[in-house]
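Shown next, in C-alpha cells, is the structure this report addresses.
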Amino acid sequence: MAYDYALETERNFPAIFLTAPDNTRKTLPADLKPACIIVPVYNGFTVTQTCLRQLKKFKPASVRLILVNDASTDRRIHSLLFLYQKLIPDTVIIQHQRNQGFPATANTGLKARYKNEDVLLLNSDTIVSERFFQKLQLTAYITSDIGTVTPLSNSATIFSYPEINISTPVPTVKKCAELDQLAEKIWQSEVPEVPTAHGFCMYIKAECLQETGLFRYDAFAQGYGEENDFSRRAAALGWRHVACPGVYVGHAEGQSFSSVKKDLIRHNLKILNAMHPGYDELVQSWLRCDPLLPFRRMMDIALFSKNSLFSQSVLLVTHDRAGGLSKHIGERAKHYLVHNIHPFSLKPITSESGVPLWKLEDIPNNDYRNLILPRSAKALNALLRKIKCSKIEIHSYIGHGIKKIYELTSLDIPYDVFIHDYSWFCPRITLTTPSAHYCGEPGLTCCQACFNSSSQGDTTGDTTRIKILKQYTHKILKNAQKNYAPSKDAGERICRQLNIKPSIRPWEKISGNETLTFTPRTKGKNRHVGIMGAIGPEKGYYQLLHLAQLAATINAPVHFILVGYSCNDQELLATGKVTITGPYQEYEITELTNKHCIDWFFLPSVWPETWSYVLTQIWTAMRPVIAYDIGAQAERIRKTHNGTVVPLHTRPLQLLIVLHNPSLWATQQSLPSPGENTLPPLRS
C-alpha cells in the first residue's frame, strides 16, 4: 500500500518531510558508520528477557551489543545477561556497583562505544522486530544533517500509535511484528522532522554524538528529559531529529522507577524548560501540525482493511453535540452490524490551531483513531473508497456547515437523510424565538430577522442566510434515495417548509406497553410530578421555574422531581418546590421514579419535538405523561393514550391545577377559568 498524501488536500498545516531517493531502502550509503546497540538494564526481568530474545533474532551480526546493568536488585538479571552474552556474539556486559539512574547508565554505554561508532540506545522493556535496525540506520543516512532517528511505538509520547501522546498496553511480540511489517509496507521513506528524539529507542549518528556530548545525568538524575535536552543541544549545532514511520517498536514502559515516574517527569520538565526556554511551545507548535498524522491514518486504514470482517462500510454523518441523536446513531450502527456492514460516524472537529476538520470514528470500538482529514469532499471521497463505503446516512449538518454537507451529496455514493430537528430550515434548530417560545413558523422575512437578532441562543453555527439554507436543503433532500422523519408531525412540517415529503419511520419500536392512567392519590398528600432530562429554555426550563415559584407562593401540594438537571439548578432549588437528582443512566430511571414516589411526569418542552426519547424513557417507568399539545410528544401521547396534553399557552395556575389532578382534566378536556381554583386549600 502506497503512502497516500492525496488526503492532505486543502490542509492548512503541512508537515515537513525529508524524502529519500528511490533506492534508499535497498542499498546502504557508502559513508555508513559501524554501530552498536546499548541497552541500559535495571530489574524488569520478564521484559528484559523478551527484549534480549528479540535482539538475538534480529540484531545484525555486524552490530555490537553493550548491556549496562545499573545495579539491578533482581539477581536473575545477572544470570540473564551472562546467558545472552553467550548466545549473542560480540556482546559486552558492564556492571554498575551502585544504582546511578538511566542517564548515567546510558552514558556508561556511550563511553564504551568505539570511535566513530553510531549508537542505538534501546530500553530493556522494548520489543523489536525483523529489520528494525537496518531501517533506522538507513533513515539516519537519508541526509547528512540527520542526528537522531526514533520509531513509532505504543508508548512513546509524540511517536505513539494508535494515538499521539497516549500510552496503550504493549502488544504481544507477534502483534508488534505485524504492526512493524504493516508500517514498513506503507512507508515510502518519508521522514517527518520532530522537535526531539525519544530515548526508548533512539538511533544517534556518531558525528552528532561527538559534537553534542553525553546525556546530562547531573541535571536529570534518575531519568526523563535527558534525551530532550540532548536533542535541543544537538539542534543548536545544526542536527535534525526525525521519526521513522516504517519501524514499530513495542514499549512496556514503567518497569523501572514506575512509582516515581510522574514526580520525575514534573520535576525534570521544569529543569528542561529552564535550560531551553521555549521548548514547550516548540513541542506544542509541532503537535498542532502533527506531521505524523497522515502516516497514523494510513496505518488505521491498512489495519481496517486487514482486520475488518465486513466487505462494506457505511458513513453516518452526525453532529458534535449531546442529545438523542447519539442514541439513534448507535441504533443505526447496530442495524448495519447485524447486516455485516461496518459503521463509521463522521463528526466535525476543530484542531487546536482552529482548522476545521472531519473525524471518522468506527462504531462501536473506536479502534481507528486517526481518520482525521480536512473538510474536503475530495479528501473524504478518497478515504471512503479505501474503507469501501457503500452508503451515507446524513443525520445532521450542524457543525459541518450546510455547504459542506451539500458537497458530500455530489459523491458517487448513495445517501439517505434522517430528520432529527428543524435545523434544515430553522437555524435556531427548534422553531423557538430568542425568548424560548414556539415561533409559529412565520414567513421568511420574520425568520431571517429572528436569526439576525442579537440574542440568538443555541444555533447551528452556520451563518448561511435562511433562503440559501432552504435551497441547499431542498437539493439535498431531493437527491437523496430516501428521507425519513420519525413522526407525522415532523414530516408535515418538513413538507410544508421544503416541499419534500419524507417517509415516516419512528425511531423506536414501542410494543407491549399497557395503557397508563392517572390514578387517584390520597387526599392531603403532595403530588410528586416528575420532570426528566436536561432542561434548558426550549425544553421548558422557564415553564418549570414559574410553576415551582407559583407552587411555593400559594403553598400548593405539588412538588417537582427533576430526574436530570437544568440550565440553572440553583434557581429551581431556591423555590423549595424542586428536587434535582442530577445526571442519570437510562437503567436508573425506574429506580429513581420509585425512590422519589413520582406519581406522573410532565414534559414541559415548548418546541415541536420530532420524536422525544425522553418520553419513551418515562414510559419505561410505567408512568403517564402530561405534555403540551405540540409536536411528536403530543402525537405519541394521543396515539398511545399514555397521558394527556394541554394547550401550549396554558397559564401557570391552570397548569398547576392540571398537574395536581390530571385525571379530571383527562376526562373533561377543559381547563378551569382563570379565576377558578380547584387546588386543595392552602396549608397553614
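Just so we're on the same page: first chain in the C-alpha cells is A, next is B, and so on; residues restart at 1 for each chain, and ligands are numbered from 1 in the order they show up.
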
Problem set entry | Residue neighbourhood Leu272 of chain A, 9 Å, only C-alpha atoms, exclusion window fewer than 4 positions, as number ranges by chain | A: 219-220, 225-226, 228-229, 267-268, 276-277, 279

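Residues within 9 Å of Ile413 of chain A, counting only C-alpha atoms and excluding same-chain residues fewer than 4 positions away, are Cys389, Ser390, Lys391, Ile392, Leu408 and Thr409 of chain A.
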
Limited to all heavy atoms, could you put the picked residues into a file as a CSV table (one decimal), in the first residue's frame?
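Contents of selection29.csv, as written:
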chain,number,residue,atom,x,y,z
A,389,CYS,N,-16.8,2.3,1.5
A,389,CYS,CA,-18.0,2.8,1.9
A,389,CYS,C,-19.1,2.7,0.8
A,389,CYS,O,-18.8,3.2,-0.3
A,389,CYS,CB,-17.9,4.3,2.3
A,389,CYS,SG,-19.4,5.0,2.9
A,390,SER,N,-20.2,2.1,1.1
A,390,SER,CA,-21.2,1.8,0.0
A,390,SER,C,-22.4,2.7,0.2
A,390,SER,O,-23.3,2.7,-0.7
A,390,SER,CB,-21.6,0.4,0.0
A,390,SER,OG,-22.2,0.0,1.3
A,391,LYS,N,-22.5,3.4,1.4
A,391,LYS,CA,-23.7,4.2,1.6
A,391,LYS,C,-23.4,5.3,2.7
A,391,LYS,O,-22.6,5.1,3.5
A,391,LYS,CB,-24.9,3.3,2.1
A,391,LYS,CG,-26.2,4.1,2.2
A,391,LYS,CD,-27.4,3.1,2.5
A,391,LYS,CE,-28.7,3.9,2.4
A,391,LYS,NZ,-29.8,3.0,2.6
A,392,ILE,N,-24.1,6.4,2.6
A,392,ILE,CA,-24.0,7.5,3.5
A,392,ILE,C,-25.4,7.8,4.1
A,392,ILE,O,-26.4,7.8,3.4
A,392,ILE,CB,-23.4,8.8,2.9
A,392,ILE,CG1,-22.0,8.5,2.4
A,392,ILE,CG2,-23.5,9.9,3.9
A,392,ILE,CD1,-21.5,9.7,1.6
A,408,LEU,N,-21.0,16.8,-0.1
A,408,LEU,CA,-21.0,15.3,0.0
A,408,LEU,C,-22.0,14.6,-0.9
A,408,LEU,O,-21.8,13.5,-1.3
A,408,LEU,CB,-21.2,14.9,1.5
A,408,LEU,CG,-20.2,15.4,2.5
A,408,LEU,CD1,-20.5,14.7,3.9
A,408,LEU,CD2,-18.8,15.1,2.1
A,409,THR,N,-23.1,15.3,-1.1
A,409,THR,CA,-24.1,14.6,-2.0
A,409,THR,C,-23.7,14.5,-3.4
A,409,THR,O,-24.3,13.8,-4.2
A,409,THR,CB,-25.4,15.5,-1.9
A,409,THR,OG1,-25.2,16.7,-2.5
A,409,THR,CG2,-25.9,15.7,-0.5

Exercise. Smallest atom-to-atom distance to Gly540 of chain A: which of A:Lys470, A:Lys509, A:Lys482, A:His437, using only C-alpha atoms?
Worked result: A:His437

Each residue of segment 561-634 of chain A lying at most 10 Å from segment 322-343 of chain A should get a row with its shortest atom-to-atom pair and the distance in Å to one decimal, counting only C-alpha atoms; could you produce that, ordered by chain and increasing number, as JSON lines?
{"residue": "A:Trp611", "atom": "CA", "partner": "A:Gly324", "partner_atom": "CA", "distance": 9.2}
{"residue": "A:Ser612", "atom": "CA", "partner": "A:Gly324", "partner_atom": "CA", "distance": 7.8}
{"residue": "A:Tyr613", "atom": "CA", "partner": "A:Gly324", "partner_atom": "CA", "distance": 6.5}
{"residue": "A:Val614", "atom": "CA", "partner": "A:Gly324", "partner_atom": "CA", "distance": 8.6}

Kindly export the residues of the current selection with N, CA and C atoms, as a PDB file, in the first residue's frame.
ATOM      1  N   TRP A 611     -39.292  13.552  17.854  1.00  0.00           N
ATOM      2  CA  TRP A 611     -39.542  12.212  18.386  1.00  0.00           C
ATOM      3  C   TRP A 611     -39.655  12.202  19.911  1.00  0.00           C
ATOM      4  N   SER A 612     -38.629  12.538  20.639  1.00  0.00           N
ATOM      5  CA  SER A 612     -38.543  12.548  22.111  1.00  0.00           C
ATOM      6  C   SER A 612     -38.239  11.172  22.696  1.00  0.00           C
ATOM      7  N   TYR A 613     -36.951  10.918  22.853  1.00  0.00           N
ATOM      8  CA  TYR A 613     -36.512   9.711  23.550  1.00  0.00           C
ATOM      9  C   TYR A 613     -36.886   9.769  25.027  1.00  0.00           C
ATOM     10  N   VAL A 614     -36.933  10.980  25.584  1.00  0.00           N
ATOM     11  CA  VAL A 614     -37.288  11.121  26.997  1.00  0.00           C
ATOM     12  C   VAL A 614     -38.687  10.576  27.258  1.00  0.00           C
TER      13      VAL A 614
END

Residues within 12 Å of segment 398-401 of chain A, please, as a short mmCIF file (atom, residue, chain, number, x, y, z; two decimals) with all heavy atoms, in the first residue's frame. Count only C-alpha atoms; anything in the same chain fewer than 5 positions from it doesn't count.
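Okay, this is what ended up in out.cif:
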data_model
loop_
_atom_site.label_atom_id
_atom_site.label_comp_id
_atom_site.auth_asym_id
_atom_site.auth_seq_id
_atom_site.Cartn_x
_atom_site.Cartn_y
_atom_site.Cartn_z
N VAL A 317 -23.35 10.50 9.13
CA VAL A 317 -22.94 11.89 9.33
C VAL A 317 -23.74 12.47 10.49
O VAL A 317 -24.97 12.56 10.44
CB VAL A 317 -23.18 12.72 8.06
CG1 VAL A 317 -22.72 14.16 8.27
CG2 VAL A 317 -22.46 12.10 6.88
N THR A 318 -23.04 12.88 11.54
CA THR A 318 -23.70 13.36 12.75
C THR A 318 -23.06 14.65 13.22
O THR A 318 -22.07 15.12 12.65
CB THR A 318 -23.66 12.28 13.85
OG1 THR A 318 -24.35 12.75 15.01
CG2 THR A 318 -22.22 11.96 14.24
N HIS A 319 -23.61 15.24 14.29
CA HIS A 319 -23.03 16.47 14.82
C HIS A 319 -22.13 16.17 16.01
O HIS A 319 -21.93 15.00 16.38
CB HIS A 319 -24.11 17.49 15.17
CG HIS A 319 -25.15 17.00 16.15
ND1 HIS A 319 -24.82 16.40 17.35
CD2 HIS A 319 -26.51 17.04 16.12
CE1 HIS A 319 -25.92 16.11 18.01
NE2 HIS A 319 -26.96 16.47 17.27
N ASP A 320 -21.59 17.21 16.63
CA ASP A 320 -20.65 17.04 17.74
C ASP A 320 -21.27 17.49 19.06
O ASP A 320 -20.56 17.86 19.99
CB ASP A 320 -19.37 17.84 17.48
CG ASP A 320 -19.65 19.32 17.25
OD1 ASP A 320 -20.84 19.69 17.12
OD2 ASP A 320 -18.69 20.11 17.20
N ARG A 321 -22.59 17.42 19.17
CA ARG A 321 -23.29 17.89 20.36
C ARG A 321 -23.97 16.73 21.07
O ARG A 321 -24.09 15.64 20.53
CB ARG A 321 -24.33 18.95 19.99
CG ARG A 321 -23.73 20.17 19.28
CD ARG A 321 -24.77 21.21 18.95
NE ARG A 321 -24.18 22.35 18.24
CZ ARG A 321 -24.86 23.42 17.85
NH1 ARG A 321 -26.15 23.52 18.11
NH2 ARG A 321 -24.24 24.40 17.21
N ALA A 322 -24.42 17.00 22.30
CA ALA A 322 -25.13 15.99 23.07
C ALA A 322 -26.58 15.92 22.58
O ALA A 322 -27.04 16.76 21.82
CB ALA A 322 -25.09 16.35 24.55
N LEU A 325 -29.62 12.29 19.30
CA LEU A 325 -29.07 11.82 18.03
C LEU A 325 -28.02 10.74 18.25
O LEU A 325 -27.93 9.79 17.47
CB LEU A 325 -28.48 13.00 17.25
CG LEU A 325 -27.83 12.66 15.91
CD1 LEU A 325 -28.76 11.86 15.02
CD2 LEU A 325 -27.40 13.93 15.19
N LEU A 346 -19.24 10.27 11.09
CA LEU A 346 -18.44 11.41 10.63
C LEU A 346 -18.84 12.61 11.47
O LEU A 346 -19.98 13.05 11.44
CB LEU A 346 -18.70 11.70 9.15
CG LEU A 346 -17.90 12.90 8.59
CD1 LEU A 346 -16.43 12.54 8.48
CD2 LEU A 346 -18.45 13.32 7.23
N LYS A 347 -17.87 13.15 12.23
CA LYS A 347 -18.13 14.27 13.11
C LYS A 347 -17.26 15.46 12.74
O LYS A 347 -16.11 15.28 12.31
CB LYS A 347 -17.87 13.89 14.57
CG LYS A 347 -18.83 12.87 15.14
CD LYS A 347 -18.53 12.59 16.61
CE LYS A 347 -19.52 11.59 17.19
NZ LYS A 347 -19.25 11.33 18.62
N PRO A 348 -17.77 16.67 12.95
CA PRO A 348 -16.93 17.86 12.74
C PRO A 348 -16.07 18.11 13.97
O PRO A 348 -16.56 18.04 15.11
CB PRO A 348 -17.97 18.98 12.57
CG PRO A 348 -19.14 18.52 13.38
CD PRO A 348 -19.15 17.02 13.31
N ILE A 349 -14.79 18.35 13.78
CA ILE A 349 -13.90 18.73 14.88
C ILE A 349 -13.07 19.93 14.43
O ILE A 349 -13.05 20.28 13.25
CB ILE A 349 -12.98 17.57 15.32
CG1 ILE A 349 -12.02 17.18 14.19
CG2 ILE A 349 -13.78 16.36 15.77
CD1 ILE A 349 -10.92 16.22 14.63
N THR A 350 -12.40 20.53 15.37
CA THR A 350 -11.53 21.66 15.08
C THR A 350 -10.18 21.42 15.73
O THR A 350 -10.11 21.01 16.89
CB THR A 350 -12.13 22.98 15.62
OG1 THR A 350 -13.44 23.14 15.06
CG2 THR A 350 -11.28 24.17 15.23
N PRO A 356 -10.82 23.71 10.74
CA PRO A 356 -11.96 22.78 10.73
C PRO A 356 -11.59 21.46 10.06
O PRO A 356 -11.02 21.44 8.97
CB PRO A 356 -13.02 23.54 9.92
CG PRO A 356 -12.26 24.50 9.07
CD PRO A 356 -11.02 24.86 9.84
N LEU A 357 -11.93 20.37 10.72
CA LEU A 357 -11.56 19.04 10.23
C LEU A 357 -12.76 18.11 10.32
O LEU A 357 -13.77 18.41 10.96
CB LEU A 357 -10.41 18.46 11.07
CG LEU A 357 -9.11 19.25 11.13
CD1 LEU A 357 -8.20 18.68 12.20
CD2 LEU A 357 -8.42 19.24 9.78
N TRP A 358 -12.64 16.96 9.70
CA TRP A 358 -13.58 15.87 9.85
C TRP A 358 -12.88 14.70 10.54
O TRP A 358 -11.69 14.45 10.32
CB TRP A 358 -14.10 15.40 8.50
CG TRP A 358 -15.30 16.15 8.02
CD1 TRP A 358 -16.29 16.69 8.77
CD2 TRP A 358 -15.63 16.43 6.65
NE1 TRP A 358 -17.22 17.30 7.97
CE2 TRP A 358 -16.85 17.15 6.67
CE3 TRP A 358 -15.04 16.14 5.43
CZ2 TRP A 358 -17.48 17.58 5.50
CZ3 TRP A 358 -15.65 16.57 4.27
CH2 TRP A 358 -16.87 17.28 4.31
N LYS A 359 -13.64 13.99 11.36
CA LYS A 359 -13.10 12.80 12.01
C LYS A 359 -14.08 11.64 11.85
O LYS A 359 -15.25 11.76 12.18
CB LYS A 359 -12.85 13.04 13.50
CG LYS A 359 -12.23 11.82 14.21
CD LYS A 359 -11.87 12.11 15.64
CE LYS A 359 -11.19 10.89 16.27
NZ LYS A 359 -10.82 11.13 17.69
N PRO A 374 -9.04 17.03 6.28
CA PRO A 374 -9.66 18.34 6.03
C PRO A 374 -11.12 18.17 5.64
O PRO A 374 -11.53 17.11 5.15
CB PRO A 374 -8.85 18.91 4.86
CG PRO A 374 -7.60 18.10 4.82
CD PRO A 374 -7.93 16.76 5.36
N ARG A 375 -11.91 19.21 5.84
CA ARG A 375 -13.31 19.17 5.41
C ARG A 375 -13.38 19.41 3.90
O ARG A 375 -13.74 20.48 3.43
CB ARG A 375 -14.15 20.19 6.18
CG ARG A 375 -14.35 19.81 7.64
CD ARG A 375 -15.34 20.71 8.31
NE ARG A 375 -15.20 20.64 9.76
CZ ARG A 375 -15.80 21.43 10.62
NH1 ARG A 375 -16.61 22.39 10.16
NH2 ARG A 375 -15.61 21.31 11.92
N SER A 376 -12.99 18.39 3.20
CA SER A 376 -12.93 18.43 1.74
C SER A 376 -13.63 17.19 1.20
O SER A 376 -13.30 16.06 1.60
CB SER A 376 -11.48 18.46 1.27
OG SER A 376 -11.34 17.98 -0.03
N ALA A 377 -14.61 17.39 0.31
CA ALA A 377 -15.31 16.25 -0.28
C ALA A 377 -14.34 15.34 -1.03
O ALA A 377 -14.46 14.12 -1.01
CB ALA A 377 -16.41 16.74 -1.20
N TYR A 406 -23.74 19.57 1.51
CA TYR A 406 -24.22 19.57 0.12
C TYR A 406 -23.14 19.01 -0.81
O TYR A 406 -23.43 18.25 -1.74
CB TYR A 406 -24.62 20.98 -0.30
CG TYR A 406 -24.99 21.08 -1.76
CD1 TYR A 406 -26.14 20.46 -2.25
CD2 TYR A 406 -24.18 21.78 -2.66
CE1 TYR A 406 -26.48 20.54 -3.59
CE2 TYR A 406 -24.52 21.87 -4.00
CZ TYR A 406 -25.67 21.24 -4.46
OH TYR A 406 -25.99 21.31 -5.79
N GLU A 407 -21.88 19.35 -0.54
CA GLU A 407 -20.78 18.83 -1.37
C GLU A 407 -20.69 17.31 -1.29
O GLU A 407 -20.34 16.64 -2.27
CB GLU A 407 -19.46 19.47 -0.94
CG GLU A 407 -19.33 20.94 -1.30
CD GLU A 407 -18.06 21.57 -0.74
OE1 GLU A 407 -17.25 20.83 -0.14
OE2 GLU A 407 -17.88 22.79 -0.89
N LEU A 408 -21.02 16.76 -0.12
CA LEU A 408 -20.95 15.30 0.03
C LEU A 408 -21.97 14.60 -0.86
O LEU A 408 -21.76 13.45 -1.28
CB LEU A 408 -21.21 14.90 1.49
CG LEU A 408 -20.20 15.36 2.54
CD1 LEU A 408 -20.47 14.67 3.86
CD2 LEU A 408 -18.77 15.09 2.08
N HIS A 420 -33.94 14.90 12.32
CA HIS A 420 -33.96 14.83 13.79
C HIS A 420 -34.40 16.15 14.43
O HIS A 420 -34.76 16.18 15.60
CB HIS A 420 -32.57 14.47 14.32
CG HIS A 420 -32.14 13.09 13.95
ND1 HIS A 420 -32.44 11.98 14.70
CD2 HIS A 420 -31.44 12.64 12.88
CE1 HIS A 420 -31.94 10.90 14.12
NE2 HIS A 420 -31.32 11.27 13.02
N ASP A 421 -34.32 17.24 13.67
CA ASP A 421 -34.71 18.55 14.17
C ASP A 421 -35.04 19.43 12.98
O ASP A 421 -35.09 18.95 11.85
CB ASP A 421 -33.62 19.17 15.06
CG ASP A 421 -32.26 19.21 14.35
OD1 ASP A 421 -32.23 19.66 13.18
OD2 ASP A 421 -31.25 18.80 14.93
N TYR A 422 -35.22 20.72 13.23
CA TYR A 422 -35.64 21.62 12.15
C TYR A 422 -34.52 22.55 11.69
O TYR A 422 -34.76 23.58 11.07
CB TYR A 422 -36.87 22.41 12.59
CG TYR A 422 -38.00 21.48 12.96
CD1 TYR A 422 -38.37 21.28 14.28
CD2 TYR A 422 -38.66 20.75 11.98
CE1 TYR A 422 -39.37 20.40 14.62
CE2 TYR A 422 -39.66 19.85 12.30
CZ TYR A 422 -40.02 19.67 13.62
OH TYR A 422 -41.01 18.78 13.95
N SER A 423 -33.29 22.15 11.96
CA SER A 423 -32.14 22.95 11.53
C SER A 423 -32.08 23.06 10.00
O SER A 423 -31.45 23.98 9.47
CB SER A 423 -30.84 22.33 12.04
OG SER A 423 -30.70 20.99 11.58
N TRP A 424 -32.74 22.17 9.30
CA TRP A 424 -32.72 22.18 7.84
C TRP A 424 -33.36 23.44 7.25
O TRP A 424 -33.09 23.80 6.11
CB TRP A 424 -33.41 20.93 7.30
CG TRP A 424 -32.74 19.67 7.74
CD1 TRP A 424 -33.14 18.83 8.73
CD2 TRP A 424 -31.52 19.13 7.23
NE1 TRP A 424 -32.26 17.79 8.87
CE2 TRP A 424 -31.25 17.94 7.95
CE3 TRP A 424 -30.63 19.51 6.22
CZ2 TRP A 424 -30.13 17.15 7.71
CZ3 TRP A 424 -29.52 18.72 5.98
CH2 TRP A 424 -29.28 17.55 6.71
N PHE A 425 -34.21 24.09 8.02
CA PHE A 425 -34.77 25.37 7.55
C PHE A 425 -34.84 26.41 8.65
O PHE A 425 -35.16 27.57 8.40
CB PHE A 425 -36.17 25.17 6.95
CG PHE A 425 -37.21 24.62 7.90
CD1 PHE A 425 -37.96 25.47 8.70
CD2 PHE A 425 -37.44 23.26 7.99
CE1 PHE A 425 -38.93 24.97 9.56
CE2 PHE A 425 -38.40 22.75 8.85
CZ PHE A 425 -39.15 23.60 9.64
N CYS A 426 -34.51 26.01 9.91
CA CYS A 426 -34.52 26.94 11.04
C CYS A 426 -33.16 26.92 11.72
O CYS A 426 -32.83 25.97 12.42
CB CYS A 426 -35.60 26.54 12.05
SG CYS A 426 -35.52 27.46 13.61
N PRO A 427 -32.33 27.96 11.53
CA PRO A 427 -31.00 27.96 12.15
C PRO A 427 -31.04 27.92 13.68
O PRO A 427 -30.02 27.61 14.30
CB PRO A 427 -30.38 29.28 11.66
CG PRO A 427 -31.13 29.61 10.41
CD PRO A 427 -32.53 29.13 10.65
N ARG A 428 -32.19 28.24 14.26
CA ARG A 428 -32.31 28.12 15.72
C ARG A 428 -32.65 26.69 16.12
O ARG A 428 -32.79 26.40 17.31
CB ARG A 428 -33.35 29.10 16.23
CG ARG A 428 -32.90 30.58 16.09
CD ARG A 428 -33.89 31.52 16.73
NE ARG A 428 -34.12 31.18 18.12
CZ ARG A 428 -33.27 31.45 19.11
NH1 ARG A 428 -32.14 32.09 18.85
NH2 ARG A 428 -33.52 31.11 20.34
N ILE A 429 -32.84 25.83 15.17
CA ILE A 429 -32.99 24.38 15.32
C ILE A 429 -34.37 23.95 15.81
O ILE A 429 -34.92 22.97 15.33
CB ILE A 429 -31.90 23.79 16.28
CG1 ILE A 429 -30.51 24.14 15.76
CG2 ILE A 429 -32.06 22.29 16.43
CD1 ILE A 429 -29.39 23.74 16.71
N ASP A 458 -28.84 28.98 21.13
CA ASP A 458 -28.09 27.84 20.61
C ASP A 458 -28.48 27.59 19.16
O ASP A 458 -29.54 27.07 18.87
CB ASP A 458 -28.39 26.61 21.47
CG ASP A 458 -27.53 25.43 21.05
OD1 ASP A 458 -26.48 25.66 20.44
OD2 ASP A 458 -27.92 24.30 21.33
N THR A 459 -27.65 28.00 18.22
CA THR A 459 -27.94 27.82 16.80
C THR A 459 -27.01 26.78 16.20
O THR A 459 -26.21 26.15 16.88
CB THR A 459 -27.77 29.15 16.04
OG1 THR A 459 -26.39 29.51 16.02
CG2 THR A 459 -28.58 30.26 16.70
N THR A 460 -27.11 26.63 14.88
CA THR A 460 -26.30 25.62 14.19
C THR A 460 -24.84 26.02 14.06
O THR A 460 -24.00 25.19 13.77
CB THR A 460 -26.85 25.40 12.78
OG1 THR A 460 -26.75 26.63 12.05
CG2 THR A 460 -28.30 24.96 12.82
N GLY A 461 -24.55 27.31 14.23
CA GLY A 461 -23.20 27.79 14.00
C GLY A 461 -22.94 28.10 12.54
O GLY A 461 -21.83 28.49 12.16
N ASP A 462 -23.95 27.94 11.68
CA ASP A 462 -23.84 28.21 10.25
C ASP A 462 -24.48 29.56 9.95
O ASP A 462 -25.64 29.81 10.32
CB ASP A 462 -24.56 27.10 9.46
CG ASP A 462 -24.23 27.13 7.98
OD1 ASP A 462 -24.22 28.23 7.40
OD2 ASP A 462 -24.02 26.05 7.41
N THR A 463 -23.76 30.45 9.30
CA THR A 463 -24.25 31.81 9.05
C THR A 463 -24.98 31.95 7.72
O THR A 463 -25.34 33.06 7.32
CB THR A 463 -23.09 32.81 9.09
OG1 THR A 463 -22.11 32.44 8.10
CG2 THR A 463 -22.43 32.84 10.46
N THR A 464 -25.19 30.84 7.02
CA THR A 464 -25.89 30.89 5.73
C THR A 464 -27.27 31.52 5.89
O THR A 464 -28.02 31.17 6.81
CB THR A 464 -26.05 29.47 5.16
OG1 THR A 464 -24.75 28.87 5.04
CG2 THR A 464 -26.72 29.50 3.80
N LEU A 469 -30.08 28.57 2.79
CA LEU A 469 -30.12 27.33 3.56
C LEU A 469 -31.22 26.41 3.04
O LEU A 469 -30.99 25.21 2.81
CB LEU A 469 -30.36 27.66 5.04
CG LEU A 469 -30.70 26.47 5.96
CD1 LEU A 469 -29.51 25.53 6.07
CD2 LEU A 469 -31.11 26.97 7.35
N TYR A 472 -30.25 24.89 -0.35
CA TYR A 472 -29.32 23.76 -0.18
C TYR A 472 -30.07 22.53 0.33
O TYR A 472 -29.90 21.41 -0.17
CB TYR A 472 -28.21 24.12 0.81
CG TYR A 472 -27.03 24.83 0.20
CD1 TYR A 472 -26.57 26.05 0.72
CD2 TYR A 472 -26.33 24.30 -0.88
CE1 TYR A 472 -25.48 26.70 0.18
CE2 TYR A 472 -25.24 24.94 -1.43
CZ TYR A 472 -24.81 26.14 -0.89
OH TYR A 472 -23.73 26.79 -1.44
N THR A 473 -30.90 22.75 1.36
CA THR A 473 -31.62 21.63 1.97
C THR A 473 -32.53 20.94 0.96
O THR A 473 -32.59 19.71 0.89
CB THR A 473 -32.44 22.13 3.17
OG1 THR A 473 -31.55 22.62 4.17
CG2 THR A 473 -33.25 20.99 3.77
#

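Nearest residue to Phe133 of chain A, choosing from A:Cys244, A:Val41, A:Glu163, A:Arg216 and counting only C-alpha atoms: A:Cys244.
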
Problem set entry | DSSP-assigned helix (DSSP H, G or I) members of segment 586-626 of chain A, reported as an NGL selection string | :A and (586-595 or 613-620)
